[in-house]
Amino acid sequence: MPDHVHFFARPEIDARLMAAWVQMWKSVSSRRIAAALVIRQPIWQAEYFDRYLRSMESYSEKWDYVEQNAVRAGLVGTVEAWPYCGTITDLTF
C-alpha cells in the first residue's frame with residue numbers, strides 16, 4: 001500500500017521487544033527512503049499498531065486481509081497484480 005506497511009513475523013527466543021524492533025526498522029527504513037527520494041520530512045507516524053496472532057486460523061485470516069488491501073483500495077484488480085507484496089515465507093505455529 002502507498003501509505004503503510006504490514007509485517008508478519010515470528011520472534012526468536014531472545015528477540016527484542018516489538019516496540020524496540022519497530023523503532024529500529026522505522027529508523028533504518030526512513031533514512032534509506034529519505035536518501036532515495038531526497039526528502040527530509042518524516043516518513044513514518046510515531047505510533048504503530050500490532051496484532052499478536054496465536055493460531056493458524058488467525059494468521060490465515062489476517063494474511064487474507066492484508067493480501068486483499070490493494071484490491072480493496074482499487075489500486076489493482078487482482079492480488080497477483082500488486083507488484084509490492086515483498087517476500088513471503090509461511091510462518092509455522
# chains A, B, ... in the order shown; residues from 1 in each chain; ligands from 1

$ residues_around --residues "A:Leu53" --least-positions-apart "5" --cutoff "9 Å" --atoms "only C-alpha atoms" --output "ChimeraX atom specification"
/A:58-59,62

$ write_last_selection --atoms "C-alpha atoms" --output "PDB file, in the first residue's frame"
ATOM      1  CA  SER A  58      -5.895 -16.067  12.994  1.00  0.00           C
ATOM      2  CA  TYR A  59      -2.781 -15.939  10.800  1.00  0.00           C
ATOM      3  CA  LYS A  62      -5.070 -11.631   8.751  1.00  0.00           C
TER       4      LYS A  62
END

$ residues_around --residues "A:Thr89" --least-positions-apart "6" --cutoff "12 Å" --atoms "only C-alpha atoms" --output "list of chain:residue names"
A:Phe7, A:Phe8, A:Ala9, A:Arg10, A:Trp63

$ write_last_selection --atoms "all heavy atoms" --output "PDB file, in the first residue's frame"
ATOM      1  N   PHE A   7       3.739  -6.230   8.448  1.00  0.00           N
ATOM      2  CA  PHE A   7       4.756  -7.248   8.712  1.00  0.00           C
ATOM      3  C   PHE A   7       4.113  -8.416   9.424  1.00  0.00           C
ATOM      4  O   PHE A   7       3.306  -8.240  10.338  1.00  0.00           O
ATOM      5  CB  PHE A   7       5.849  -6.727   9.656  1.00  0.00           C
ATOM      6  CG  PHE A   7       6.821  -5.800   9.026  1.00  0.00           C
ATOM      7  CD1 PHE A   7       6.769  -4.451   9.292  1.00  0.00           C
ATOM      8  CD2 PHE A   7       7.808  -6.276   8.189  1.00  0.00           C
ATOM      9  CE1 PHE A   7       7.674  -3.586   8.725  1.00  0.00           C
ATOM     10  CE2 PHE A   7       8.722  -5.423   7.618  1.00  0.00           C
ATOM     11  CZ  PHE A   7       8.649  -4.067   7.888  1.00  0.00           C
ATOM     12  N   PHE A   8       4.482  -9.590   9.039  1.00  0.00           N
ATOM     13  CA  PHE A   8       4.155 -10.805   9.781  1.00  0.00           C
ATOM     14  C   PHE A   8       5.509 -11.351  10.217  1.00  0.00           C
ATOM     15  O   PHE A   8       6.377 -11.576   9.380  1.00  0.00           O
ATOM     16  CB  PHE A   8       3.455 -11.836   8.888  1.00  0.00           C
ATOM     17  CG  PHE A   8       2.030 -11.498   8.577  1.00  0.00           C
ATOM     18  CD1 PHE A   8       1.704 -10.475   7.712  1.00  0.00           C
ATOM     19  CD2 PHE A   8       1.004 -12.238   9.143  1.00  0.00           C
ATOM     20  CE1 PHE A   8       0.391 -10.182   7.417  1.00  0.00           C
ATOM     21  CE2 PHE A   8      -0.322 -11.955   8.855  1.00  0.00           C
ATOM     22  CZ  PHE A   8      -0.624 -10.921   7.987  1.00  0.00           C
ATOM     23  N   ALA A   9       5.684 -11.553  11.492  1.00  0.00           N
ATOM     24  CA  ALA A   9       6.973 -12.028  11.978  1.00  0.00           C
ATOM     25  C   ALA A   9       6.781 -12.943  13.174  1.00  0.00           C
ATOM     26  O   ALA A   9       5.828 -12.798  13.931  1.00  0.00           O
ATOM     27  CB  ALA A   9       7.846 -10.842  12.375  1.00  0.00           C
ATOM     28  N   ARG A  10       7.706 -13.855  13.319  1.00  0.00           N
ATOM     29  CA  ARG A  10       7.714 -14.740  14.476  1.00  0.00           C
ATOM     30  C   ARG A  10       9.030 -14.495  15.208  1.00  0.00           C
ATOM     31  O   ARG A  10      10.103 -14.644  14.617  1.00  0.00           O
ATOM     32  CB  ARG A  10       7.616 -16.190  14.046  1.00  0.00           C
ATOM     33  CG  ARG A  10       7.511 -17.147  15.238  1.00  0.00           C
ATOM     34  CD  ARG A  10       7.468 -18.566  14.784  1.00  0.00           C
ATOM     35  NE  ARG A  10       8.776 -18.907  14.188  1.00  0.00           N
ATOM     36  CZ  ARG A  10       8.929 -19.834  13.273  1.00  0.00           C
ATOM     37  NH1 ARG A  10       7.907 -20.516  12.816  1.00  0.00           N
ATOM     38  NH2 ARG A  10      10.124 -20.106  12.786  1.00  0.00           N
ATOM     39  N   TRP A  63      -3.686 -12.711   7.062  1.00  0.00           N
ATOM     40  CA  TRP A  63      -2.957 -12.743   5.797  1.00  0.00           C
ATOM     41  C   TRP A  63      -3.901 -12.445   4.634  1.00  0.00           C
ATOM     42  O   TRP A  63      -3.575 -11.664   3.742  1.00  0.00           O
ATOM     43  CB  TRP A  63      -2.259 -14.083   5.598  1.00  0.00           C
ATOM     44  CG  TRP A  63      -1.485 -14.099   4.324  1.00  0.00           C
ATOM     45  CD1 TRP A  63      -1.775 -14.773   3.181  1.00  0.00           C
ATOM     46  CD2 TRP A  63      -0.324 -13.334   4.032  1.00  0.00           C
ATOM     47  NE1 TRP A  63      -0.851 -14.495   2.211  1.00  0.00           N
ATOM     48  CE2 TRP A  63       0.045 -13.609   2.711  1.00  0.00           C
ATOM     49  CE3 TRP A  63       0.441 -12.438   4.780  1.00  0.00           C
ATOM     50  CZ2 TRP A  63       1.158 -13.020   2.115  1.00  0.00           C
ATOM     51  CZ3 TRP A  63       1.547 -11.859   4.173  1.00  0.00           C
ATOM     52  CH2 TRP A  63       1.891 -12.153   2.861  1.00  0.00           C
TER      53      TRP A  63
END

$ closest_residue --among "A:Ile13, A:Gly86, A:Glu67, A:Met18" --to "A:Tyr52" --atoms "only C-alpha atoms"
A:Met18

$ residues_around --residues "stretch 30-43 of chain A" --least-positions-apart "3" --cutoff "12 Å" --atoms "only C-alpha atoms" --output "ChimeraX atom specification"
/A:2-5,22-27,46

$ select_by_dssp --residues "chain A" --states "helix (DSSP H, G or I)" --output "ChimeraX atom specification"
/A:18-37,56-67,69-72,79-81

$ write_last_selection --atoms "N, CA and C atoms" --output "CSV table (one decimal), in the first residue's frame"
chain,number,residue,atom,x,y,z
A,18,MET,N,8.9,-6.0,20.7
A,18,MET,CA,8.4,-5.5,19.4
A,18,MET,C,8.5,-4.0,19.2
A,19,ALA,N,8.3,-3.2,20.3
A,19,ALA,CA,8.4,-1.8,20.1
A,19,ALA,C,9.8,-1.3,19.8
A,20,ALA,N,10.8,-2.0,20.3
A,20,ALA,CA,12.2,-1.7,20.0
A,20,ALA,C,12.5,-2.1,18.6
A,21,TRP,N,12.0,-3.2,18.1
A,21,TRP,CA,12.2,-3.7,16.8
A,21,TRP,C,11.6,-2.7,15.8
A,22,VAL,N,10.3,-2.3,16.0
A,22,VAL,CA,9.6,-1.4,15.1
A,22,VAL,C,10.4,-0.1,15.1
A,23,GLN,N,10.8,0.4,16.2
A,23,GLN,CA,11.6,1.7,16.2
A,23,GLN,C,12.8,1.6,15.4
A,24,MET,N,13.6,0.5,15.5
A,24,MET,CA,14.8,0.3,14.7
A,24,MET,C,14.5,0.2,13.2
A,25,TRP,N,13.4,-0.6,12.9
A,25,TRP,CA,13.1,-0.7,11.5
A,25,TRP,C,12.7,0.6,10.9
A,26,LYS,N,11.9,1.4,11.6
A,26,LYS,CA,11.5,2.7,11.1
A,26,LYS,C,12.7,3.6,10.9
A,27,SER,N,13.6,3.6,11.8
A,27,SER,CA,14.8,4.4,11.7
A,27,SER,C,15.6,4.1,10.5
A,28,VAL,N,15.9,2.8,10.3
A,28,VAL,CA,16.7,2.4,9.2
A,28,VAL,C,16.0,2.7,7.9
A,29,SER,N,14.7,2.3,7.8
A,29,SER,CA,14.0,2.4,6.5
A,29,SER,C,13.8,3.9,6.2
A,30,SER,N,13.5,4.7,7.2
A,30,SER,CA,13.3,6.2,7.0
A,30,SER,C,14.6,6.8,6.3
A,31,ARG,N,15.7,6.5,6.9
A,31,ARG,CA,17.0,7.0,6.3
A,31,ARG,C,17.2,6.6,4.8
A,32,ARG,N,16.9,5.3,4.6
A,32,ARG,CA,17.0,4.8,3.2
A,32,ARG,C,16.0,5.4,2.2
A,33,ILE,N,14.8,5.5,2.7
A,33,ILE,CA,13.7,6.1,1.8
A,33,ILE,C,14.0,7.6,1.6
A,34,ALA,N,14.4,8.3,2.6
A,34,ALA,CA,14.7,9.8,2.5
A,34,ALA,C,15.8,10.0,1.5
A,35,ALA,N,16.9,9.1,1.6
A,35,ALA,CA,18.0,9.3,0.7
A,35,ALA,C,17.6,9.0,-0.7
A,36,ALA,N,16.8,8.0,-0.9
A,36,ALA,CA,16.4,7.6,-2.3
A,36,ALA,C,15.5,8.6,-2.9
A,37,LEU,N,14.6,9.2,-2.1
A,37,LEU,CA,13.7,10.2,-2.6
A,37,LEU,C,14.1,11.7,-2.4
A,56,MET,N,-3.1,-20.6,13.7
A,56,MET,CA,-3.0,-20.7,12.2
A,56,MET,C,-4.3,-20.0,11.6
A,57,GLU,N,-5.4,-20.2,12.3
A,57,GLU,CA,-6.7,-19.6,11.8
A,57,GLU,C,-6.6,-18.1,11.8
A,58,SER,N,-6.1,-17.5,12.9
A,58,SER,CA,-5.9,-16.1,13.0
A,58,SER,C,-4.9,-15.6,12.0
A,59,TYR,N,-3.8,-16.3,11.8
A,59,TYR,CA,-2.8,-15.9,10.8
A,59,TYR,C,-3.4,-15.9,9.4
A,60,SER,N,-4.1,-17.0,9.0
A,60,SER,CA,-4.7,-17.1,7.7
A,60,SER,C,-5.7,-15.9,7.5
A,61,GLU,N,-6.5,-15.6,8.5
A,61,GLU,CA,-7.5,-14.6,8.4
A,61,GLU,C,-6.8,-13.2,8.1
A,62,LYS,N,-5.8,-12.9,8.9
A,62,LYS,CA,-5.1,-11.6,8.8
A,62,LYS,C,-4.3,-11.6,7.4
A,63,TRP,N,-3.7,-12.7,7.1
A,63,TRP,CA,-3.0,-12.7,5.8
A,63,TRP,C,-3.9,-12.4,4.6
A,64,ASP,N,-5.1,-13.1,4.6
A,64,ASP,CA,-6.1,-12.8,3.6
A,64,ASP,C,-6.4,-11.3,3.5
A,65,TYR,N,-6.6,-10.7,4.7
A,65,TYR,CA,-7.0,-9.3,4.8
A,65,TYR,C,-5.9,-8.4,4.2
A,66,VAL,N,-4.6,-8.7,4.5
A,66,VAL,CA,-3.5,-7.9,4.0
A,66,VAL,C,-3.4,-8.1,2.5
A,67,GLU,N,-3.5,-9.3,2.1
A,67,GLU,CA,-3.3,-9.7,0.7
A,67,GLU,C,-4.3,-8.9,-0.2
A,69,ASN,N,-5.7,-5.9,0.5
A,69,ASN,CA,-5.6,-4.5,0.7
A,69,ASN,C,-5.6,-3.7,-0.6
A,70,ALA,N,-4.7,-4.0,-1.5
A,70,ALA,CA,-4.5,-3.2,-2.7
A,70,ALA,C,-5.8,-3.3,-3.6
A,71,VAL,N,-6.4,-4.5,-3.6
A,71,VAL,CA,-7.6,-4.7,-4.4
A,71,VAL,C,-8.7,-3.9,-3.8
A,72,ARG,N,-8.9,-3.9,-2.5
A,72,ARG,CA,-10.0,-3.2,-1.8
A,72,ARG,C,-9.8,-1.7,-2.1
A,79,VAL,N,-5.1,-9.7,-6.7
A,79,VAL,CA,-3.9,-9.8,-5.7
A,79,VAL,C,-2.6,-9.9,-6.5
A,80,GLU,N,-2.6,-10.8,-7.5
A,80,GLU,CA,-1.4,-11.1,-8.2
A,80,GLU,C,-0.9,-9.9,-9.0
A,81,ALA,N,-1.7,-8.9,-9.3
A,81,ALA,CA,-1.3,-7.7,-10.0
A,81,ALA,C,-0.5,-6.7,-9.1

$ decode --residues "stretch 28-64 of chain A" --atoms "N, CA, C and O atoms" --output "compact mmCIF listing (two decimals), in the first residue's frame"
# COMPACT_ATOMS: atom_id res chain seq x y z
N VAL A 28 15.90 2.82 10.34
CA VAL A 28 16.71 2.38 9.19
C VAL A 28 15.98 2.65 7.88
O VAL A 28 16.55 3.22 6.93
N SER A 29 14.71 2.27 7.80
CA SER A 29 13.97 2.44 6.54
C SER A 29 13.75 3.92 6.23
O SER A 29 13.80 4.32 5.06
N SER A 30 13.54 4.75 7.24
CA SER A 30 13.35 6.19 6.99
C SER A 30 14.58 6.81 6.35
O SER A 30 14.46 7.60 5.41
N ARG A 31 15.75 6.46 6.87
CA ARG A 31 16.99 7.02 6.29
C ARG A 31 17.15 6.58 4.84
O ARG A 31 17.53 7.37 3.98
N ARG A 32 16.86 5.32 4.57
CA ARG A 32 17.02 4.82 3.19
C ARG A 32 16.00 5.42 2.24
O ARG A 32 16.33 5.80 1.12
N ILE A 33 14.76 5.53 2.69
CA ILE A 33 13.71 6.13 1.85
C ILE A 33 14.01 7.60 1.59
O ILE A 33 13.92 8.08 0.46
N ALA A 34 14.36 8.33 2.65
CA ALA A 34 14.67 9.76 2.50
C ALA A 34 15.83 9.99 1.55
O ALA A 34 15.81 10.91 0.73
N ALA A 35 16.86 9.15 1.64
CA ALA A 35 18.01 9.29 0.74
C ALA A 35 17.62 8.98 -0.70
O ALA A 35 18.04 9.68 -1.62
N ALA A 36 16.82 7.97 -0.90
CA ALA A 36 16.42 7.59 -2.26
C ALA A 36 15.51 8.63 -2.89
O ALA A 36 15.59 8.90 -4.09
N LEU A 37 14.64 9.24 -2.09
CA LEU A 37 13.68 10.21 -2.62
C LEU A 37 14.13 11.66 -2.42
O LEU A 37 13.45 12.58 -2.85
N VAL A 38 15.26 11.85 -1.76
CA VAL A 38 15.81 13.17 -1.44
C VAL A 38 14.75 14.04 -0.76
O VAL A 38 14.38 15.10 -1.25
N ILE A 39 14.26 13.56 0.37
CA ILE A 39 13.28 14.31 1.16
C ILE A 39 13.73 14.37 2.61
O ILE A 39 14.54 13.57 3.06
N ARG A 40 13.20 15.33 3.35
CA ARG A 40 13.57 15.49 4.76
C ARG A 40 12.38 15.36 5.69
O ARG A 40 12.54 15.38 6.89
N GLN A 41 11.20 15.25 5.19
CA GLN A 41 10.02 15.14 6.05
C GLN A 41 9.93 13.76 6.68
O GLN A 41 10.54 12.81 6.18
N PRO A 42 9.20 13.64 7.79
CA PRO A 42 9.06 12.32 8.41
C PRO A 42 8.42 11.32 7.45
O PRO A 42 7.53 11.67 6.66
N ILE A 43 8.89 10.09 7.51
CA ILE A 43 8.37 9.04 6.65
C ILE A 43 7.24 8.29 7.35
O ILE A 43 6.20 8.03 6.78
N TRP A 44 7.45 7.93 8.61
CA TRP A 44 6.51 7.10 9.36
C TRP A 44 5.86 7.89 10.49
O TRP A 44 6.46 8.79 11.06
N GLN A 45 4.63 7.51 10.84
CA GLN A 45 3.99 8.05 12.04
C GLN A 45 4.73 7.51 13.26
O GLN A 45 5.34 6.44 13.21
N ALA A 46 4.62 8.21 14.37
CA ALA A 46 5.31 7.79 15.59
C ALA A 46 4.75 6.48 16.14
O ALA A 46 5.49 5.64 16.63
N GLU A 47 3.46 6.29 16.07
CA GLU A 47 2.86 5.09 16.64
C GLU A 47 2.81 3.95 15.62
O GLU A 47 3.09 4.14 14.45
N TYR A 48 2.44 2.79 16.12
CA TYR A 48 2.22 1.63 15.26
C TYR A 48 1.14 0.78 15.90
O TYR A 48 0.80 0.96 17.07
N PHE A 49 0.58 -0.11 15.14
CA PHE A 49 -0.49 -0.97 15.62
C PHE A 49 -0.03 -2.42 15.47
O PHE A 49 0.37 -2.82 14.39
N ASP A 50 -0.08 -3.16 16.54
CA ASP A 50 0.35 -4.55 16.45
C ASP A 50 -0.81 -5.49 16.75
O ASP A 50 -1.78 -5.12 17.39
N ARG A 51 -0.69 -6.68 16.23
CA ARG A 51 -1.65 -7.75 16.49
C ARG A 51 -0.83 -9.00 16.75
O ARG A 51 0.04 -9.35 15.95
N TYR A 52 -1.08 -9.64 17.86
CA TYR A 52 -0.41 -10.89 18.15
C TYR A 52 -1.29 -12.03 17.67
O TYR A 52 -2.44 -12.16 18.10
N LEU A 53 -0.78 -12.80 16.76
CA LEU A 53 -1.53 -13.92 16.20
C LEU A 53 -1.14 -15.19 16.93
O LEU A 53 0.03 -15.52 17.03
N ARG A 54 -2.13 -15.89 17.43
CA ARG A 54 -1.85 -17.05 18.27
C ARG A 54 -2.28 -18.38 17.67
O ARG A 54 -2.16 -19.41 18.29
N SER A 55 -2.79 -18.35 16.47
CA SER A 55 -3.23 -19.60 15.85
C SER A 55 -3.10 -19.50 14.34
O SER A 55 -3.03 -18.41 13.78
N MET A 56 -3.09 -20.65 13.70
CA MET A 56 -3.04 -20.68 12.24
C MET A 56 -4.28 -20.02 11.64
O MET A 56 -4.20 -19.35 10.63
N GLU A 57 -5.43 -20.20 12.29
CA GLU A 57 -6.67 -19.59 11.81
C GLU A 57 -6.56 -18.07 11.81
O GLU A 57 -6.91 -17.41 10.83
N SER A 58 -6.07 -17.51 12.89
CA SER A 58 -5.89 -16.07 12.99
C SER A 58 -4.90 -15.56 11.95
O SER A 58 -5.12 -14.54 11.30
N TYR A 59 -3.81 -16.29 11.79
CA TYR A 59 -2.78 -15.94 10.80
C TYR A 59 -3.38 -15.92 9.40
O TYR A 59 -3.21 -14.95 8.64
N SER A 60 -4.11 -16.97 9.05
CA SER A 60 -4.72 -17.06 7.71
C SER A 60 -5.71 -15.93 7.48
O SER A 60 -5.73 -15.33 6.40
N GLU A 61 -6.51 -15.63 8.48
CA GLU A 61 -7.50 -14.55 8.37
C GLU A 61 -6.81 -13.21 8.13
O GLU A 61 -7.20 -12.45 7.24
N LYS A 62 -5.78 -12.91 8.90
CA LYS A 62 -5.07 -11.63 8.75
C LYS A 62 -4.28 -11.59 7.44
O LYS A 62 -4.21 -10.55 6.80
N TRP A 63 -3.69 -12.71 7.06
CA TRP A 63 -2.96 -12.74 5.80
C TRP A 63 -3.90 -12.44 4.63
O TRP A 63 -3.58 -11.66 3.74
N ASP A 64 -5.08 -13.05 4.62
CA ASP A 64 -6.06 -12.80 3.56
C ASP A 64 -6.44 -11.33 3.52
O ASP A 64 -6.55 -10.73 2.45
